[in-house]
Amino acid sequence: MEIEKMSFEEALKKLEEIVKELEGESIQLEESIEKFELGVKLSSHCLSKLNEAERKIEELTRSEEGKLIVKELKMDE
Amino acid sequence: MVYLGCFSLMDNLKNQNIHIYSVSELNFEIKKNLEAGFSSIWVEGEVSNCYCHNNRHVYFDLKDENSKMRIVMFHEINKNLLFKIENGLHLILYGYVSVYEKRGEYQFIALDAKPVGRGALLLAFEQLRAKLEKQGYFDLSRKKPLPVFPKKIGAVTSTGGAVIRDMISILSRRFENFNLIIRNVNVQGPSSEEEICSAIDDLCECGVDVIIIARGGGSLEDLWAFNTESVAQKVYRCSIPVISAVGHETDYTICDFVADFRAATPSVAAQVVIIDKAEVTENIKSKLNRIKLMVENKVNSSTKEYYFLTERKIFTRPKSIILDFWQGFDGITMRLREVTGKLINNKTVQVSNMQQFINKRKILDKIVLNRSFINNIVIRLFSAVRGKLKAVKNNVIVTLKDLQSNSPAAVLEKGFALVLDEEEKNVIKSISDIQVGQNININLKDGILLSKILNKINKKLGLEV
């Protein structure tokens with residue numbers, strides 16, 4: 001699966017797998033370098049996913065015609 | 001006589017101006033008096049023989065130690081009752097006594113019921129909890145896992161209360177760029193049940209990743225909407241994970257039991273619904289460092305291994321390895337020879353031992369075999385010889401008889417002659433046995449003719465010789 005298309009959860013899970021694989025004794029040098037490169041990409045993907053969203057607080061209502069309406073909700077913290 | 005007697009009694013009573021009731025009339029009067037006398041009363045007892053037809057009117061007996069009576073609660077009353085009337089419940093009923101004239105029976109018409117010893121709400125709560133538990137609404141196996149990092153969080157709550165403020169502040173602390181969509185509902189009051197149900201539907205429709213149902217603490221009555229069957233069903237059937245955060249830590253609602261996750265309070269819900277960004281960022285970075293370190297170690301150890309390998313004999317003095325190999329080979333060959341020699345000797349001795357053993361046995365076996373074979377032959381021989389002897393004996397007898405008939409004397413008797421030479425040594429059988437001029441003795445049956453050969457005639461040629 002392409003890393004770009006992975007969800008945060010998928011990428012994080014894959015990253016954890018890579019850590020485990022690299023901890024294993026049997027891995028070969030070449031493979032471990034490949035895994036490392038994949039791990040770097042996954043972690044940067046995870047970090048970008050965490051930051052890509054925009055803070056939003058909205059209220060959901062229904063119009064009289066029964067349509068869903070989403071509007072921003074101002075809230076003082 | 002009987003008829004006469006009756007008629008005379010009737011006449012008698014009528015004459016005395018005494019009123020005689022018809023059955024209908026009497027029942028009517030009883031109904032009037034009873035219903036007037038017991039029109040608005042409370043009665044206490046235990047429910048038994050409870051029967052509810054098509055989920056409408058409920059019929060049951062109310063009893064104490066010594067007595068019981070029939071009770072009816074009509075559908076309009078029953079449907080508004082929070083709890084369900086069941087056998088064994090201890091109730092106080094409000095209502096009136098009514099007579100069913102057609103049958104002359106009376107019953108109590110219940111207009112309200114209150115459980116004794118505990119509140120109606122608590123009873124209703126326990127009844128619904130037992131029912132839903134039986135139907136598998138609380139099974140752990142069907143609870144959905146919460147997403148680690150929901151992009152869109154839905155909340156069913158009141159936008160007016162402190163609850164939502166607390167949640168927003170916790171969410172901001174954990175993940176400042178969170179995305180929250182709130183469906184404002186009345187969290188108590190008559191409309192709340194329906195509002196909560198449709199709020200869950202609406203949030204599902206607008207595609208949230210998780211739904212939090214939140215409300216602050218309150219009495220059982222305040223929290224009642226969250227203990228209704230319709231809300232329980234909505235949560236049960238919701239395809240999106242639901243976190244129930246109703247009331248304080250000590251408050252439990254049916255909604256809590258059905259939800260995929262029960263948060264003790266709305267604040268706890270805000271904590272579990274999303275990861276702590278700083279924490280996760282730190283975690284990812286440490287993972288990255290860890291794999292970096294591990295690969296570095298791997299490269300280092302591989303480099304060491306490489307040097308270690310390149311310093312080995314095969315690369316530095318390859319010839320010595322071949323010499324070593326030859327030396328080893330020679331050693332092995334010698335050892336092999338030694339071992340095989342010994343082995344062959346051992347085997348040879350074993351083989352000769354075996355041979356001796358086998359020969360002796362074979363001979364013994366043969367002797368036994370032959371002995372019986374010989375015995376057999378001897379027996380056969382004896383019987384054969386015996387047979388042969390018999391045959392010979394017979395032959396001899398025949399021959400003797402033959403001889404007797406063919407003896408020279410008998411032949412001479414028939415007129416044949418026996419020709420001998422002069423010396424009477426040789427029988428003259430052919431003309432070539434004798435020469436012309438020689439003497440011969442011709443023996444006849446009664447004497448000898450001393451004769452001389454005058455001539456010889458060959459039978460075939462018919463010539464003189």
# chains A, B, ... in the order shown; residues from 1 in each chain; ligands from 1
>>> interface_residues(of="chain B", to="chain A", cutoff="8 Å", atoms="only C-alpha atoms", output="mmCIF file with N, CA and C atoms, in the first residue's frame")
data_model
loop_
_atom_site.group_PDB
_atom_site.id
_atom_site.type_symbol
_atom_site.label_atom_id
_atom_site.label_comp_id
_atom_site.auth_asym_id
_atom_site.auth_seq_id
_atom_site.Cartn_x
_atom_site.Cartn_y
_atom_site.Cartn_z
ATOM 1 N N VAL B 148 -8.237 5.457 16.937
ATOM 2 C CA VAL B 148 -7.111 6.067 17.661
ATOM 3 C C VAL B 148 -7.112 7.577 17.442
ATOM 4 N N PHE B 149 -7.383 7.950 16.213
ATOM 5 C CA PHE B 149 -7.252 9.346 15.822
ATOM 6 C C PHE B 149 -8.446 9.737 14.954
ATOM 7 N N LYS B 151 -10.960 11.848 12.921
ATOM 8 C CA LYS B 151 -10.845 13.157 12.246
ATOM 9 C C LYS B 151 -12.009 14.048 12.632
ATOM 10 N N ARG B 165 -18.261 22.757 27.486
ATOM 11 C CA ARG B 165 -17.083 23.619 27.707
ATOM 12 C C ARG B 165 -15.906 22.810 28.253
ATOM 13 N N ILE B 168 -14.478 20.654 25.493
ATOM 14 C CA ILE B 168 -13.689 21.420 24.512
ATOM 15 C C ILE B 168 -12.334 21.800 25.094
ATOM 16 N N SER B 169 -12.327 22.159 26.360
ATOM 17 C CA SER B 169 -11.042 22.565 26.943
ATOM 18 C C SER B 169 -10.075 21.377 27.030
ATOM 19 N N GLU B 176 -4.891 20.278 19.723
ATOM 20 C CA GLU B 176 -5.483 21.618 19.532
ATOM 21 C C GLU B 176 -6.245 21.737 18.216
ATOM 22 N N ASN B 177 -5.827 21.003 17.179
ATOM 23 C CA ASN B 177 -6.552 21.108 15.899
ATOM 24 C C ASN B 177 -7.611 20.005 15.745
ATOM 25 N N PHE B 178 -8.365 19.784 16.770
ATOM 26 C CA PHE B 178 -9.430 18.764 16.705
ATOM 27 C C PHE B 178 -10.616 19.288 15.900
ATOM 28 N N ASN B 179 -11.484 18.353 15.527
ATOM 29 C CA ASN B 179 -12.649 18.697 14.726
ATOM 30 C C ASN B 179 -13.881 18.116 15.407
ATOM 31 N N LEU B 180 -14.709 19.021 15.968
ATOM 32 C CA LEU B 180 -15.855 18.570 16.763
ATOM 33 C C LEU B 180 -17.152 19.080 16.148
ATOM 34 N N ILE B 181 -18.132 18.184 16.062
ATOM 35 C CA ILE B 181 -19.435 18.607 15.550
ATOM 36 C C ILE B 181 -20.505 18.219 16.575
ATOM 37 N N ILE B 182 -21.239 19.231 17.028
ATOM 38 C CA ILE B 182 -22.154 19.032 18.155
ATOM 39 C C ILE B 182 -23.603 19.036 17.672
ATOM 40 N N ARG B 183 -24.365 18.082 18.177
ATOM 41 C CA ARG B 183 -25.814 18.084 17.916
ATOM 42 C C ARG B 183 -26.469 18.433 19.242
ATOM 43 N N ASN B 184 -27.006 19.640 19.296
ATOM 44 C CA ASN B 184 -27.607 20.153 20.542
ATOM 45 C C ASN B 184 -28.931 19.439 20.835
ATOM 46 N N ASP B 202 -28.541 11.769 12.980
ATOM 47 C CA ASP B 202 -28.008 12.898 12.220
ATOM 48 C C ASP B 202 -26.482 12.873 12.177
ATOM 49 N N LEU B 203 -25.855 12.567 13.306
ATOM 50 C CA LEU B 203 -24.387 12.545 13.354
ATOM 51 C C LEU B 203 -23.843 11.406 12.486
ATOM 52 N N CYS B 206 -23.883 12.570 8.909
ATOM 53 C CA CYS B 206 -22.888 13.551 8.448
ATOM 54 C C CYS B 206 -21.458 13.019 8.572
ATOM 55 N N LYS B 277 -1.672 14.748 21.364
ATOM 56 C CA LYS B 277 -0.820 14.988 20.202
ATOM 57 C C LYS B 277 0.666 15.046 20.571
ATOM 58 N N THR B 281 3.375 12.530 19.142
ATOM 59 C CA THR B 281 4.488 13.068 18.360
ATOM 60 C C THR B 281 5.809 12.582 18.960
ATOM 61 N N ILE B 284 6.292 8.906 18.166
ATOM 62 C CA ILE B 284 6.712 8.646 16.779
ATOM 63 C C ILE B 284 8.190 9.002 16.606
ATOM 64 N N LYS B 285 8.566 10.136 17.200
ATOM 65 C CA LYS B 285 9.973 10.553 17.091
ATOM 66 C C LYS B 285 10.904 9.542 17.758
ATOM 67 N N LYS B 287 10.347 6.421 18.124
ATOM 68 C CA LYS B 287 10.376 5.229 17.264
ATOM 69 C C LYS B 287 11.371 5.426 16.124
ATOM 70 N N LEU B 288 11.312 6.632 15.570
ATOM 71 C CA LEU B 288 12.210 6.951 14.465
ATOM 72 C C LEU B 288 13.665 6.854 14.930
ATOM 73 N N ARG B 290 14.755 5.159 17.345
ATOM 74 C CA ARG B 290 15.050 3.763 17.675
ATOM 75 C C ARG B 290 15.462 2.997 16.414
ATOM 76 N N ILE B 291 14.690 3.179 15.334
ATOM 77 C CA ILE B 291 15.049 2.429 14.127
ATOM 78 C C ILE B 291 16.362 2.953 13.531
ATOM 79 N N LYS B 292 16.584 4.252 13.712
ATOM 80 C CA LYS B 292 17.840 4.837 13.233
ATOM 81 C C LYS B 292 19.010 4.156 13.956
ATOM 82 N N MET B 294 19.047 1.334 15.498
ATOM 83 C CA MET B 294 19.169 -0.101 15.216
ATOM 84 C C MET B 294 19.857 -0.342 13.890
ATOM 85 N N VAL B 295 19.536 0.502 12.897
ATOM 86 C CA VAL B 295 20.171 0.342 11.593
ATOM 87 C C VAL B 295 21.650 0.695 11.694
ATOM 88 N N LYS B 298 23.358 -2.140 13.125
ATOM 89 C CA LYS B 298 23.429 -3.220 12.134
ATOM 90 C C LYS B 298 24.584 -2.959 11.162
ATOM 91 N N VAL B 299 24.692 -1.699 10.718
ATOM 92 C CA VAL B 299 25.762 -1.340 9.775
ATOM 93 C C VAL B 299 27.118 -1.549 10.448
ATOM 94 N N SER B 302 27.875 -5.199 10.818
ATOM 95 C CA SER B 302 28.145 -5.799 9.521
ATOM 96 C C SER B 302 29.547 -5.432 9.057
#
>>> residues_around(residues="Gln127 of chain B", least_positions_apart="5", cutoff="12 Å", atoms="only C-alpha atoms", output="ChimeraX atom specification")
/B:82-86,89,120-122,132-134,227-229,254
>>> select_by_dssp(residues="segment 5-75 of chain A", states="strand (DSSP E)", output="list in words")
Lys56, Ile57, Glu58, Glu59, Leu60, Thr61, Arg62, Leu68, Ile69, Val70, Lys71 and Glu72 of chain A
>>> write_last_selection(atoms="C-alpha atoms", output="compact mmCIF listing (two decimals), in the first residue's frame")
# COMPACT_ATOMS: atom_id res chain seq x y z
CA LYS A 56 -13.14 23.26 13.95
CA ILE A 57 -16.10 23.37 16.34
CA GLU A 58 -19.42 23.11 14.57
CA GLU A 59 -23.06 22.66 15.34
CA LEU A 60 -25.30 20.30 13.43
CA THR A 61 -28.97 21.17 12.98
CA ARG A 62 -31.81 20.22 10.72
CA LEU A 68 -28.74 18.80 7.72
CA ILE A 69 -27.03 22.13 8.31
CA VAL A 70 -23.51 22.50 9.70
CA LYS A 71 -22.44 25.87 11.03
CA GLU A 72 -19.52 27.08 13.08
>>> select_by_dssp(residues="segment 48-284 of chain B", states="alpha helix (DSSP H)", output="VMD selection string")
chain B and resid 75 to 78 120 to 134 162 to 174 192 to 205 229 to 237 254 to 258 266 to 273 277 to 284
>>> closest_residue(among="B:Ser98, B:Asn441, B:Ser239, B:Asn370", to="Leu146 of chain B", atoms="only C-alpha atoms")
B:Ser239
>>> residues_around(residues="Tyr106 of chain B", least_positions_apart="5", cutoff="9 Å", atoms="only C-alpha atoms", output="list in words")
Lys31, Leu34, Met69, Arg70, Val97, Ser98, Val99, Tyr100 and Glu101 of chain B
>>> residues_around(residues="Val436 of chain B", least_positions_apart="4", cutoff="7 Å", atoms="only C-alpha atoms", output="VMD selection string")
chain B and resid 453 to 456
>>> write_last_selection(atoms="N, CA and C atoms", output="short mmCIF file (atom, residue, chain, number, x, y, z; two decimals), in the first residue's frame")
data_model
loop_
_atom_site.label_atom_id
_atom_site.label_comp_id
_atom_site.auth_asym_id
_atom_site.auth_seq_id
_atom_site.Cartn_x
_atom_site.Cartn_y
_atom_site.Cartn_z
N ILE B 453 30.77 -137.61 -45.77
CA ILE B 453 30.22 -136.58 -46.64
C ILE B 453 30.68 -136.85 -48.04
N LEU B 454 29.75 -137.05 -48.95
CA LEU B 454 30.06 -137.29 -50.31
C LEU B 454 30.09 -136.00 -51.11
N ASN B 455 29.18 -135.16 -50.86
CA ASN B 455 29.07 -133.88 -51.57
C ASN B 455 28.30 -132.86 -50.72
N LYS B 456 28.44 -131.61 -51.09
CA LYS B 456 27.71 -130.53 -50.38
C LYS B 456 26.93 -129.69 -51.39
#
>>> closest_residue(among="B:Val242, B:Met10, B:Ile428, B:Ile153", to="Gly207 of chain B", atoms="only C-alpha atoms")
B:Ile153
>>> residues_around(residues="Val72 of chain B", least_positions_apart="6", cutoff="10 Å", atoms="only C-alpha atoms", output="PyMOL selection string")
chain B and resi 50-52+57-61+78+95+98+107-111
>>> write_last_selection(atoms="N, CA and C atoms", output="CSV table (one decimal), in the first residue's frame")
chain,number,residue,atom,x,y,z
B,50,CYS,N,-50.5,-12.9,36.4
B,50,CYS,CA,-50.5,-11.7,35.6
B,50,CYS,C,-50.6,-12.1,34.1
B,51,TYR,N,-51.4,-11.4,33.4
B,51,TYR,CA,-51.6,-11.8,32.0
B,51,TYR,C,-51.9,-10.5,31.2
B,52,CYS,N,-51.1,-10.3,30.1
B,52,CYS,CA,-51.2,-9.1,29.3
B,52,CYS,C,-51.6,-9.5,27.9
B,57,HIS,N,-54.3,-4.4,27.6
B,57,HIS,CA,-54.8,-4.5,28.9
B,57,HIS,C,-54.1,-5.5,29.8
B,58,VAL,N,-53.9,-5.2,31.0
B,58,VAL,CA,-53.2,-6.2,31.9
B,58,VAL,C,-54.2,-6.7,32.9
B,59,TYR,N,-54.3,-8.0,33.0
B,59,TYR,CA,-55.2,-8.7,34.0
B,59,TYR,C,-54.3,-9.4,35.0
B,60,PHE,N,-54.6,-9.2,36.3
B,60,PHE,CA,-53.8,-10.0,37.3
B,60,PHE,C,-54.6,-10.1,38.6
B,61,ASP,N,-54.1,-10.9,39.5
B,61,ASP,CA,-54.7,-11.0,40.9
B,61,ASP,C,-53.8,-10.2,41.8
B,78,ASN,N,-51.7,1.6,31.5
B,78,ASN,CA,-50.5,0.7,31.4
B,78,ASN,C,-49.4,1.3,30.6
B,95,GLY,N,-57.5,3.1,42.4
B,95,GLY,CA,-58.5,2.9,41.4
B,95,GLY,C,-59.9,2.7,42.0
B,98,SER,N,-65.4,-2.3,40.4
B,98,SER,CA,-66.4,-2.2,39.4
B,98,SER,C,-67.0,-3.6,39.3
B,107,GLN,N,-64.5,-6.6,40.1
B,107,GLN,CA,-63.0,-6.5,39.9
B,107,GLN,C,-62.6,-5.1,40.3
B,108,PHE,N,-61.3,-4.9,40.4
B,108,PHE,CA,-60.7,-3.6,40.8
B,108,PHE,C,-60.1,-3.0,39.5
B,109,ILE,N,-60.5,-1.8,39.1
B,109,ILE,CA,-60.0,-1.2,37.9
B,109,ILE,C,-58.8,-0.3,38.4
B,110,ALA,N,-57.6,-0.6,38.0
B,110,ALA,CA,-56.4,0.1,38.5
B,110,ALA,C,-56.2,1.3,37.6
B,111,LEU,N,-56.0,2.5,38.2
B,111,LEU,CA,-55.7,3.7,37.4
B,111,LEU,C,-54.3,4.1,37.6
>>> atom_distance(atom1="atom CA of Phe416 of chain B", atom2="atom CA of Leu444 of chain B")
7.1 Å
>>> residues_around(residues="Cys204 of chain B", least_positions_apart="3", cutoff="9 Å", atoms="only C-alpha atoms", output="NGL selection string")
:B and (154 or 199-201 or 207-211 or 238-240)
>>> decode(residues="segment 376-415 of chain B", atoms="N, CA and C atoms", output="CSV table (one decimal), in the first residue's frame")
chain,number,residue,atom,x,y,z
B,376,ASN,N,13.7,-96.0,2.7
B,376,ASN,CA,12.7,-96.0,1.7
B,376,ASN,C,13.0,-96.9,0.5
B,377,ILE,N,14.3,-96.7,0.0
B,377,ILE,CA,14.8,-97.4,-1.2
B,377,ILE,C,14.8,-98.9,-0.9
B,378,VAL,N,15.4,-99.2,0.4
B,378,VAL,CA,15.5,-100.6,0.7
B,378,VAL,C,14.1,-101.3,0.7
B,379,ILE,N,13.2,-100.6,1.3
B,379,ILE,CA,11.9,-101.2,1.3
B,379,ILE,C,11.4,-101.4,-0.1
B,380,ARG,N,11.6,-100.4,-0.9
B,380,ARG,CA,11.2,-100.5,-2.3
B,380,ARG,C,11.9,-101.6,-3.0
B,381,LEU,N,13.2,-101.7,-2.7
B,381,LEU,CA,14.1,-102.7,-3.3
B,381,LEU,C,13.6,-104.1,-3.0
B,382,PHE,N,13.3,-104.3,-1.7
B,382,PHE,CA,12.9,-105.6,-1.2
B,382,PHE,C,11.6,-106.0,-2.0
B,383,SER,N,10.7,-105.1,-2.0
B,383,SER,CA,9.5,-105.5,-2.7
B,383,SER,C,9.7,-105.7,-4.2
B,384,ALA,N,10.6,-104.9,-4.8
B,384,ALA,CA,10.9,-105.1,-6.2
B,384,ALA,C,11.5,-106.5,-6.4
B,385,VAL,N,12.5,-106.8,-5.5
B,385,VAL,CA,13.3,-108.1,-5.7
B,385,VAL,C,12.3,-109.2,-5.5
B,386,ARG,N,11.4,-109.0,-4.5
B,386,ARG,CA,10.5,-110.1,-4.3
B,386,ARG,C,9.6,-110.3,-5.5
B,387,GLY,N,9.2,-109.2,-6.1
B,387,GLY,CA,8.4,-109.3,-7.3
B,387,GLY,C,9.2,-110.0,-8.5
B,388,LYS,N,10.4,-109.5,-8.6
B,388,LYS,CA,11.3,-110.0,-9.6
B,388,LYS,C,11.5,-111.5,-9.5
B,389,LEU,N,11.8,-112.0,-8.2
B,389,LEU,CA,12.0,-113.4,-7.9
B,389,LEU,C,10.8,-114.2,-8.4
B,390,LYS,N,9.7,-113.7,-8.0
B,390,LYS,CA,8.4,-114.4,-8.4
B,390,LYS,C,8.4,-114.6,-9.9
B,391,ALA,N,8.7,-113.4,-10.6
B,391,ALA,CA,8.6,-113.5,-12.1
B,391,ALA,C,9.6,-114.5,-12.6
B,392,VAL,N,10.8,-114.4,-12.0
B,392,VAL,CA,11.9,-115.4,-12.5
B,392,VAL,C,11.4,-116.8,-12.3
B,393,LYS,N,10.9,-117.0,-11.1
B,393,LYS,CA,10.4,-118.4,-10.8
B,393,LYS,C,9.4,-118.9,-11.8
B,394,ASN,N,8.5,-118.0,-12.1
B,394,ASN,CA,7.5,-118.3,-13.2
B,394,ASN,C,8.2,-118.6,-14.5
B,395,ASN,N,9.1,-117.7,-14.8
B,395,ASN,CA,9.9,-117.9,-16.1
B,395,ASN,C,10.5,-119.3,-16.1
B,396,VAL,N,11.1,-119.6,-15.0
B,396,VAL,CA,11.9,-120.9,-14.9
B,396,VAL,C,10.9,-122.1,-15.2
B,397,ILE,N,9.8,-122.0,-14.6
B,397,ILE,CA,8.8,-123.0,-14.8
B,397,ILE,C,8.4,-123.2,-16.2
B,398,VAL,N,8.1,-121.9,-16.8
B,398,VAL,CA,7.7,-121.9,-18.3
B,398,VAL,C,8.9,-122.5,-19.1
B,399,THR,N,10.1,-122.0,-18.8
B,399,THR,CA,11.2,-122.5,-19.6
B,399,THR,C,11.4,-124.0,-19.5
B,400,LEU,N,11.3,-124.5,-18.3
B,400,LEU,CA,11.4,-125.9,-18.0
B,400,LEU,C,10.4,-126.7,-18.9
B,401,LYS,N,9.2,-126.2,-18.9
B,401,LYS,CA,8.2,-126.9,-19.7
B,401,LYS,C,8.6,-126.9,-21.2
B,402,ASP,N,9.1,-125.6,-21.6
B,402,ASP,CA,9.5,-125.4,-22.9
B,402,ASP,C,10.7,-126.4,-23.3
B,403,LEU,N,11.6,-126.4,-22.3
B,403,LEU,CA,12.7,-127.2,-22.5
B,403,LEU,C,12.3,-128.7,-22.7
B,404,GLN,N,11.4,-129.1,-21.9
B,404,GLN,CA,11.0,-130.4,-22.0
B,404,GLN,C,10.4,-130.8,-23.4
B,405,SER,N,9.6,-129.8,-23.9
B,405,SER,CA,9.0,-130.1,-25.1
B,405,SER,C,10.0,-130.0,-26.3
B,406,ASN,N,11.1,-129.1,-26.0
B,406,ASN,CA,12.0,-128.9,-27.1
B,406,ASN,C,13.4,-129.6,-26.8
B,407,SER,N,13.4,-130.5,-25.9
B,407,SER,CA,14.7,-131.2,-25.7
B,407,SER,C,15.1,-132.1,-26.9
B,408,PRO,N,16.4,-132.2,-27.1
B,408,PRO,CA,16.9,-132.9,-28.3
B,408,PRO,C,16.3,-134.3,-28.4
B,409,ALA,N,16.1,-135.0,-27.2
B,409,ALA,CA,15.5,-136.3,-27.2
B,409,ALA,C,14.1,-136.3,-27.8
B,410,ALA,N,13.3,-135.2,-27.3
B,410,ALA,CA,12.0,-135.0,-27.9
B,410,ALA,C,12.0,-134.7,-29.4
B,411,VAL,N,13.0,-133.9,-29.8
B,411,VAL,CA,13.1,-133.5,-31.2
B,411,VAL,C,13.4,-134.8,-32.0
B,412,LEU,N,14.4,-135.6,-31.5
B,412,LEU,CA,14.8,-136.8,-32.2
B,412,LEU,C,13.6,-137.8,-32.3
B,413,GLU,N,12.7,-137.8,-31.3
B,413,GLU,CA,11.6,-138.6,-31.3
B,413,GLU,C,10.7,-138.2,-32.5
B,414,LYS,N,10.7,-136.9,-32.8
B,414,LYS,CA,9.8,-136.5,-33.9
B,414,LYS,C,10.3,-136.8,-35.2
B,415,GLY,N,11.6,-137.2,-35.3
B,415,GLY,CA,12.1,-137.7,-36.6
B,415,GLY,C,13.3,-136.8,-37.1
